[in-house]
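Asker: One file: protein30.tsv (TSV, C-alpha atoms).
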```
chain	number	residue	atom	x	y	z
E	1	MET	CA	3.69	171.35	149.74
E	2	GLN	CA	3.40	169.79	153.18
E	3	ASP	CA	6.10	168.08	155.19
E	4	LEU	CA	5.99	164.34	155.78
E	5	ASN	CA	6.54	162.60	159.09
E	6	ALA	CA	6.41	158.83	158.89
E	7	GLY	CA	8.01	156.94	161.74
E	8	GLN	CA	11.76	157.50	161.71
E	9	LEU	CA	11.62	159.34	158.41
E	10	SER	CA	10.80	162.99	157.95
E	11	ILE	CA	10.75	165.03	154.78
E	12	LYS	CA	10.77	168.80	154.90
E	13	ALA	CA	9.44	170.63	151.87
E	14	MET	CA	11.30	173.91	151.44
E	15	PRO	CA	9.22	176.83	150.21
E	16	ILE	CA	9.65	177.87	146.60
E	17	ASN	CA	10.86	181.47	146.57
E	18	SER	CA	11.03	182.12	142.87
E	19	ALA	CA	10.54	180.52	139.49
E	20	ALA	CA	14.25	179.75	139.45
E	21	THR	CA	14.08	177.82	142.70
E	22	PRO	CA	13.44	174.09	142.61
E	23	LEU	CA	11.03	172.42	144.96
E	24	GLN	CA	13.38	170.96	147.54
E	25	LEU	CA	12.52	167.97	149.70
E	26	ARG	CA	14.98	167.36	152.52
E	27	LEU	CA	14.98	163.83	153.89
E	28	ARG	CA	16.07	163.19	157.44
E	29	GLY	CA	16.31	160.12	159.68
E	30	ARG	CA	15.86	156.59	158.40
E	31	SER	CA	13.66	154.99	155.78
E	32	SER	CA	13.29	151.31	156.61
E	33	ASP	CA	9.61	150.61	156.17
E	34	ARG	CA	8.54	147.35	154.55
E	35	HIS	CA	6.43	149.17	151.97
E	36	PRO	CA	7.85	152.67	151.75
E	37	GLU	CA	6.13	153.12	148.40
E	38	HIS	CA	2.78	153.20	150.23
E	39	ILE	CA	3.84	156.40	151.96
E	40	LEU	CA	6.42	157.83	149.62
E	41	GLY	CA	4.49	157.12	146.42
E	42	PRO	CA	1.56	159.44	147.18
E	43	TYR	CA	3.87	162.02	148.74
E	44	PHE	CA	6.19	162.08	145.73
E	45	ALA	CA	3.15	162.26	143.44
E	46	SER	CA	2.04	165.39	145.30
E	47	ALA	CA	5.53	166.83	145.00
E	48	LEU	CA	5.58	166.21	141.26
E	49	SER	CA	2.19	167.88	140.94
E	50	ALA	CA	3.37	170.89	142.95
E	51	ALA	CA	6.53	171.16	140.84
E	52	ALA	CA	4.49	170.91	137.66
E	53	GLU	CA	2.01	173.56	138.81
E	54	GLN	CA	4.79	176.01	139.55
E	55	ASN	CA	6.89	174.90	136.61
E	56	VAL	CA	9.98	174.23	138.70
E	57	PRO	CA	12.33	171.25	138.99
E	58	LEU	CA	12.18	168.84	141.91
E	59	GLU	CA	15.19	168.18	144.13
E	60	LEU	CA	15.51	165.52	146.81
E	61	HIS	CA	18.25	166.13	149.38
E	62	PHE	CA	19.62	163.07	151.14
E	63	GLN	CA	22.56	164.58	153.00
E	64	GLU	CA	20.83	164.33	156.37
E	65	LEU	CA	19.45	160.87	155.83
E	66	ASP	CA	21.07	158.19	157.98
E	67	TYR	CA	19.89	155.09	156.17
E	68	PHE	CA	17.51	153.74	153.55
E	69	ASN	CA	16.69	150.16	152.73
E	70	SER	CA	16.48	148.63	149.28
E	71	SER	CA	12.70	148.98	149.24
E	72	THR	CA	13.21	152.74	149.52
E	73	ILE	CA	15.58	152.59	146.55
E	74	THR	CA	12.76	150.96	144.61
E	75	ALA	CA	10.51	153.90	145.53
E	76	LEU	CA	13.20	156.34	144.38
E	77	ILE	CA	13.41	154.53	141.04
E	78	GLN	CA	9.65	154.77	140.69
E	79	LEU	CA	9.95	158.51	141.27
E	80	ILE	CA	12.50	158.72	138.44
E	81	GLN	CA	10.01	156.98	136.16
E	82	GLU	CA	7.18	159.30	137.19
E	83	ALA	CA	9.24	162.46	136.81
E	84	ARG	CA	10.39	161.37	133.38
E	85	THR	CA	6.82	160.56	132.31
E	86	ARG	CA	5.62	163.97	133.48
E	87	GLY	CA	8.60	165.82	132.03
E	88	ILE	CA	9.75	167.23	135.36
E	89	LYS	CA	13.45	167.71	135.98
E	90	LEU	CA	14.51	165.63	138.96
E	91	THR	CA	17.77	165.88	140.90
E	92	TYR	CA	19.02	163.74	143.78
E	93	VAL	CA	21.50	165.57	146.01
E	94	TYR	CA	23.76	163.49	148.25
E	95	ASP	CA	26.87	163.63	150.42
E	96	PRO	CA	29.76	161.65	148.90
E	97	ALA	CA	31.65	161.82	152.19
E	98	LEU	CA	29.14	159.29	153.48
E	99	ARG	CA	30.32	156.11	151.80
E	100	TRP	CA	26.91	154.44	151.79
E	101	GLN	CA	25.46	157.46	150.00
E	102	LYS	CA	28.32	157.60	147.51
E	103	LEU	CA	27.88	153.92	146.66
E	104	SER	CA	24.12	154.14	146.39
E	105	PHE	CA	24.04	157.24	144.22
E	106	ASP	CA	27.00	156.23	142.08
E	107	ALA	CA	24.89	153.24	141.08
E	108	LEU	CA	21.75	155.33	140.55
E	109	GLY	CA	23.87	157.25	138.07
E	110	VAL	CA	22.77	154.62	135.58
E	111	PHE	CA	19.58	156.70	135.26
E	112	VAL	CA	21.31	160.04	134.68
E	113	GLY	CA	20.10	161.37	131.37
E	114	ASP	CA	17.05	159.15	131.63
E	115	GLY	CA	15.05	161.49	133.84
E	116	LEU	CA	17.53	162.02	136.66
E	117	ASP	CA	20.38	164.34	137.56
E	118	LEU	CA	22.72	163.73	140.48
E	119	ARG	CA	24.59	166.34	142.48
E	120	SER	CA	27.07	165.78	145.26
E	121	VAL	CA	27.67	168.43	147.91
O	1	MET	CA	43.24	140.52	167.57
O	2	GLU	CA	39.72	141.88	167.88
O	3	GLN	CA	36.95	139.39	167.34
O	4	LEU	CA	33.21	139.76	166.94
O	5	ARG	CA	30.81	137.00	167.95
O	6	LEU	CA	27.19	137.98	167.94
O	7	ASP	CA	24.10	135.75	168.05
O	8	LEU	CA	20.56	137.05	168.02
O	9	SER	CA	17.28	135.20	167.81
O	10	ILE	CA	14.36	137.49	167.13
O	11	ALA	CA	10.68	137.29	166.34
O	12	SER	CA	9.90	137.40	162.64
O	13	GLU	CA	8.59	140.95	162.82
O	14	TRP	CA	9.56	143.83	160.58
O	15	GLU	CA	9.59	146.26	163.48
O	16	ARG	CA	12.57	144.48	165.04
O	17	ILE	CA	14.87	144.89	162.05
O	18	ASP	CA	15.92	148.50	162.46
O	19	ALA	CA	16.80	147.93	166.09
O	20	VAL	CA	18.97	144.98	165.10
O	21	ARG	CA	20.65	147.05	162.39
O	22	GLU	CA	21.56	149.67	164.98
O	23	ALA	CA	22.71	147.04	167.48
O	24	VAL	CA	24.95	145.38	164.91
O	25	ALA	CA	26.38	148.74	163.89
O	26	ARG	CA	27.19	149.60	167.50
O	27	CYS	CA	28.83	146.22	168.11
O	28	VAL	CA	30.96	146.56	164.99
O	29	ALA	CA	31.99	150.07	165.99
O	30	ALA	CA	32.84	148.87	169.50
O	31	VAL	CA	35.00	146.00	168.30
O	32	PHE	CA	36.64	147.39	165.18
O	33	GLY	CA	36.25	151.15	165.57
O	34	ASP	CA	35.49	151.49	161.88
O	35	VAL	CA	32.65	153.84	160.89
O	36	GLU	CA	32.29	152.54	157.35
O	37	LEU	CA	32.28	148.94	158.44
O	38	LYS	CA	29.68	149.81	161.05
O	39	HIS	CA	27.29	151.13	158.41
O	40	LEU	CA	28.05	148.31	156.03
O	41	LEU	CA	27.39	145.44	158.42
O	42	GLY	CA	24.31	147.17	159.75
O	43	MET	CA	22.97	147.43	156.21
O	44	VAL	CA	23.84	143.83	155.35
O	45	SER	CA	22.21	142.51	158.51
O	46	ALA	CA	19.08	144.55	157.86
O	47	GLU	CA	18.74	143.53	154.21
O	48	LEU	CA	19.19	139.83	155.04
O	49	LEU	CA	16.70	140.10	157.89
O	50	GLU	CA	14.19	141.85	155.65
O	51	ASN	CA	14.30	138.91	153.25
O	52	ALA	CA	14.02	136.45	156.14
O	53	VAL	CA	10.98	138.21	157.58
O	54	LYS	CA	9.33	138.57	154.16
O	55	TYR	CA	9.70	134.93	153.22
O	56	GLY	CA	10.12	133.11	156.52
O	57	ARG	CA	7.31	131.10	158.07
O	58	GLY	CA	6.50	129.47	161.36
O	59	PRO	CA	6.98	130.36	165.00
O	60	LYS	CA	10.73	129.80	165.12
O	61	GLY	CA	11.59	133.36	164.25
O	62	VAL	CA	14.81	134.45	162.64
O	63	THR	CA	18.40	134.06	163.74
O	64	LEU	CA	21.33	136.33	163.00
O	65	SER	CA	24.93	135.45	163.68
O	66	ILE	CA	28.09	137.40	162.99
O	67	ARG	CA	31.55	135.92	163.32
O	68	GLY	CA	34.83	137.43	162.40
O	69	ASP	CA	38.07	139.19	163.04
O	70	GLY	CA	40.24	141.75	161.34
O	71	GLN	CA	40.55	139.73	158.19
O	72	GLU	CA	37.18	138.14	157.59
O	73	LEU	CA	33.61	138.60	158.75
O	74	VAL	CA	30.58	136.43	158.08
O	75	VAL	CA	26.99	137.56	158.59
O	76	ARG	CA	24.49	134.70	158.58
O	77	VAL	CA	20.70	134.90	158.75
O	78	ALA	CA	18.47	131.83	158.95
O	79	ASN	CA	14.72	131.42	158.82
O	80	ALA	CA	12.19	128.62	158.53
O	81	VAL	CA	10.25	128.25	155.28
O	82	ASP	CA	7.29	126.17	154.19
O	83	GLU	CA	8.25	123.03	152.34
O	84	ALA	CA	6.29	124.19	149.31
O	85	SER	CA	7.68	127.71	149.37
O	86	PRO	CA	9.54	128.73	146.19
O	87	HIS	CA	11.70	131.12	148.21
O	88	ALA	CA	14.79	128.91	148.47
O	89	HIS	CA	14.75	128.16	144.77
O	90	LEU	CA	14.27	131.83	143.86
O	91	LEU	CA	17.05	132.78	146.24
O	92	GLN	CA	19.48	130.36	144.65
O	93	ARG	CA	18.51	131.53	141.20
O	94	ARG	CA	19.10	135.15	142.20
O	95	LEU	CA	22.53	134.34	143.61
O	96	MET	CA	23.48	132.53	140.41
O	97	TRP	CA	22.35	135.57	138.46
O	98	LEU	CA	24.53	137.85	140.59
O	99	ARG	CA	27.55	135.60	140.17
O	100	GLY	CA	27.18	135.87	136.44
O	101	PHE	CA	28.60	139.39	136.62
O	102	ASP	CA	32.35	139.97	136.86
O	103	ASP	CA	31.80	143.33	138.52
O	104	PRO	CA	29.40	143.77	141.48
O	105	PHE	CA	28.69	147.31	140.28
O	106	GLU	CA	27.41	145.91	136.99
O	107	ALA	CA	25.28	143.39	138.86
O	108	TYR	CA	23.73	146.06	141.03
O	109	THR	CA	23.02	148.50	138.23
O	110	ALA	CA	21.46	145.65	136.25
O	111	ALA	CA	19.24	144.94	139.26
O	112	LEU	CA	18.31	148.63	139.45
O	113	GLN	CA	17.46	148.55	135.75
O	114	GLN	CA	15.22	145.53	136.34
O	115	VAL	CA	13.29	147.54	138.91
O	116	TYR	CA	13.03	150.46	136.50
O	117	ASP	CA	11.81	148.27	133.64
O	118	ARG	CA	9.19	146.44	135.68
O	119	THR	CA	5.66	147.38	134.77
O	120	THR	CA	4.12	146.36	138.07
O	121	PRO	CA	6.11	147.58	141.05
O	122	ASP	CA	6.45	144.96	143.76
O	123	ALA	CA	9.05	145.84	146.33
O	124	ASP	CA	8.80	142.40	147.93
O	125	ASP	CA	10.05	140.55	144.91
O	126	ASN	CA	12.86	142.44	143.30
O	127	GLY	CA	15.94	140.88	144.94
O	128	LEU	CA	17.49	144.32	145.12
O	129	GLY	CA	18.69	143.80	148.68
O	130	LEU	CA	20.96	140.90	147.73
O	131	ALA	CA	22.37	142.86	144.81
O	132	ARG	CA	23.01	145.78	147.11
O	133	ILE	CA	24.89	143.56	149.58
O	134	TYR	CA	26.93	142.10	146.75
O	135	TYR	CA	27.81	145.55	145.41
O	136	GLU	CA	28.33	147.62	148.56
O	137	GLY	CA	30.00	144.83	150.52
O	138	ARG	CA	31.98	143.22	147.70
O	139	CYS	CA	31.19	140.03	149.54
O	140	GLN	CA	30.50	136.43	148.74
O	141	ILE	CA	26.87	135.48	149.31
O	142	ASP	CA	25.88	131.86	149.81
O	143	CYS	CA	22.65	130.06	150.53
O	144	ASP	CA	22.37	126.83	152.51
O	145	ILE	CA	19.20	124.76	152.14
O	146	SER	CA	20.63	121.45	153.29
O	147	GLN	CA	18.37	121.34	156.35
O	148	PRO	CA	14.67	120.72	155.72
O	149	GLU	CA	12.43	123.78	155.86
O	150	LEU	CA	15.33	126.04	156.78
O	151	VAL	CA	17.07	128.66	154.66
O	152	SER	CA	20.36	130.16	155.74
O	153	VAL	CA	21.99	133.00	153.83
O	154	SER	CA	25.51	134.17	154.55
O	155	ALA	CA	27.53	137.15	153.42
O	156	ARG	CA	31.29	136.76	153.74
O	157	PHE	CA	33.55	139.81	153.80
O	158	ARG	CA	37.28	139.65	153.34
O	159	ALA	CA	39.54	142.55	154.23
O	160	GLN	CA	41.27	142.69	150.86
O	161	THR	CA	38.02	143.01	148.91
O	162	MET	CA	36.26	145.59	151.00
O	163	GLY	CA	38.06	148.69	149.77
O	164	ALA	CA	37.57	151.71	151.95
O	165	ALA	CA	35.39	149.73	154.31
O	166	ALA	CA	38.08	147.15	154.92
O	167	VAL	CA	38.05	145.35	158.20
O	168	ARG	CA	40.76	146.83	160.34
O	169	SER	CA	43.72	144.66	160.94
O	170	ALA	CA	44.02	144.05	164.59
```
Can you give me the file's structure in the form of structure tokens?
Answerer:
Amino acid sequence: MQDLNAGQLSIKAMPINSAATPLQLRLRGRSSDRHPEHILGPYFASALSAAAEQNVPLELHFQELDYFNSSTITALIQLIQEARTRGIKLTYVYDPALRWQKLSFDALGVFVGDGLDLRSV
Amino acid sequence: MEQLRLDLSIASEWERIDAVREAVARCVAAVFGDVELKHLLGMVSAELLENAVKYGRGPKGVTLSIRGDGQELVVRVANAVDEASPHAHLLQRRLMWLRGFDDPFEAYTAALQQVYDRTTPDADDNGLGLARIYYEGRCQIDCDISQPELVSVSARFRAQTMGAAAVRSA
């Protein structure tokens, strides 16, 4: 799984060490593109394929992300749909000490049990 | 008492928005010294500007103004629209929909569910930004279309409704 560098946003794909290790994507910077789904959609699709091939869950880590716009939230919801369709366990990991992250992911909790798990660190 | 007065007039270009968000955040931090408020007003400014750039027309660009003190802050974004554009009507309808919820959290999660349920993703048309402002800012959002071919959207924050991100009393 390759890393992604798109403007102010970077995503680092952590290597999978064992079957018990999820595929971790660590987001950093800012996601404020007008159409983030054009970049994130294909990248997330590749991540889902990689997770499926290795039969591991997928985790997105947002703790180092400074900001995302509402269009990015739409892309994250589309990922929840895709993961659910493909039967891949998906977890969003966030930092509740950052109020904007706590608010955003508290609300995304509406999808917990419907293809998404949330974890605060 | 600290006061913030900020007026920006920018080209209607997406690439300007993130710089404005950062500028607003820095101004808020400089005046009020509040980290949470800094993030919040940066986000609100950016989401309103994104709508203005998406739906605005003409060479006049987009204006952003912020006024306020320790008790109340108003962020206002205005843009020109074509006379025939449905944007103003859709905007008003979306605001009425949001006001139909007693709890901003319920409004926002309903908006998220709308995105989830949509069969054809279209990030330009989901109104999620307004719902996010309503939820994260606990603010009153209004739309003024009294001037021809001009749409102005304002988000009004009051200290007592902003929770942890309350405007600091000066």
Asker: Could you name the residues that touch E:Leu4 at 10 Å or less, counting only C-alpha atoms, but leaving out those on the same chain fewer than 3 positions away, as a PyMOL selection string?
Answerer: chain E and resi 1+7+9-13+25+27+39-40+43
Asker: Can you write just those residues out, C-alpha atoms, as a PDB file, in the frame of the given file?
Answerer:
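Saved file again-v2.pdb follows:
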```pdb
ATOM      1  CA  MET E   1       3.690 171.350 149.740  1.00  0.00           C
ATOM      2  CA  GLY E   7       8.010 156.940 161.740  1.00  0.00           C
ATOM      3  CA  LEU E   9      11.620 159.340 158.410  1.00  0.00           C
ATOM      4  CA  SER E  10      10.800 162.990 157.950  1.00  0.00           C
ATOM      5  CA  ILE E  11      10.750 165.030 154.780  1.00  0.00           C
ATOM      6  CA  LYS E  12      10.770 168.800 154.900  1.00  0.00           C
ATOM      7  CA  ALA E  13       9.440 170.630 151.870  1.00  0.00           C
ATOM      8  CA  LEU E  25      12.520 167.970 149.700  1.00  0.00           C
ATOM      9  CA  LEU E  27      14.980 163.830 153.890  1.00  0.00           C
ATOM     10  CA  ILE E  39       3.840 156.400 151.960  1.00  0.00           C
ATOM     11  CA  LEU E  40       6.420 157.830 149.620  1.00  0.00           C
ATOM     12  CA  TYR E  43       3.870 162.020 148.740  1.00  0.00           C
TER      13      TYR E  43
END
```
Asker: Which residue out of O:Ala155, O:Ala52, O:Ala46, O:Leu90 has the minimum interatomic distance to chain E when only C-alpha atoms are used?
Answerer: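 Closest to chain E of all the choices is O:Ala46.
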Asker: With 8 Å as the limit and counting all atoms listed in the file, what residues in chain E lie close to chain O? Please list them as an MDAnalysis selection string.
Answerer: chainID E and resid 32 34:35 69:71 74 77:78 81 99:100 103 107:108 110
Asker: With distances taken over all atoms listed in the file, which of E:Asn55, E:Ser104, E:Gln8, E:Gln63 is nearest to E:Arg30?
Answerer: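 Among E:Asn55, E:Ser104, E:Gln8, E:Gln63, it is E:Gln8 that comes nearest to E:Arg30.
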Asker: Fewer than 4 positions away in the same chain doesn't count, so skip those; otherwise give me all residues within 12 Å of stretch 67-76 of chain O, counting all atoms listed in the file, as an MDAnalysis selection string.
Answerer: chainID O and resid 1:9 24 27:28 31:34 37 40:49 52 62:63 133 137 139:144 151:162 165:170
Asker: What does the distance from atom CA of E:Leu116 to atom CA of E:Arg84 come to in Å, to one decimal?
Answerer: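 Distance between the two atoms: 7.9 Å.
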Asker: Nearest residue to O:Phe101 out of O:Tyr134, O:Arg26, O:Pro59, O:Glu13, using all atoms listed in the file?
Answerer: O:Tyr134
Asker: Can you list, as number ranges by chain, every protein, DNA or RNA residue that comes within 8 Å of E:Pro22 when you count all atoms listed in the file, leaving out same-chain residues fewer than 4 positions away?
Answerer: E: 16, 51, 56-59
Asker: One decimal, Å: what's the distance from atom CA of E:Asp33 over to atom CA of O:Ala19, could you say?
Answerer: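 Those two atoms sit 12.5 Å apart.
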Asker: Just give me the gap between atom CA of E:Met14 and atom CA of E:Arg26 in Å, one decimal is fine.
Answerer: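 Atom CA of E:Met14 sits 7.6 Å away from atom CA of E:Arg26.
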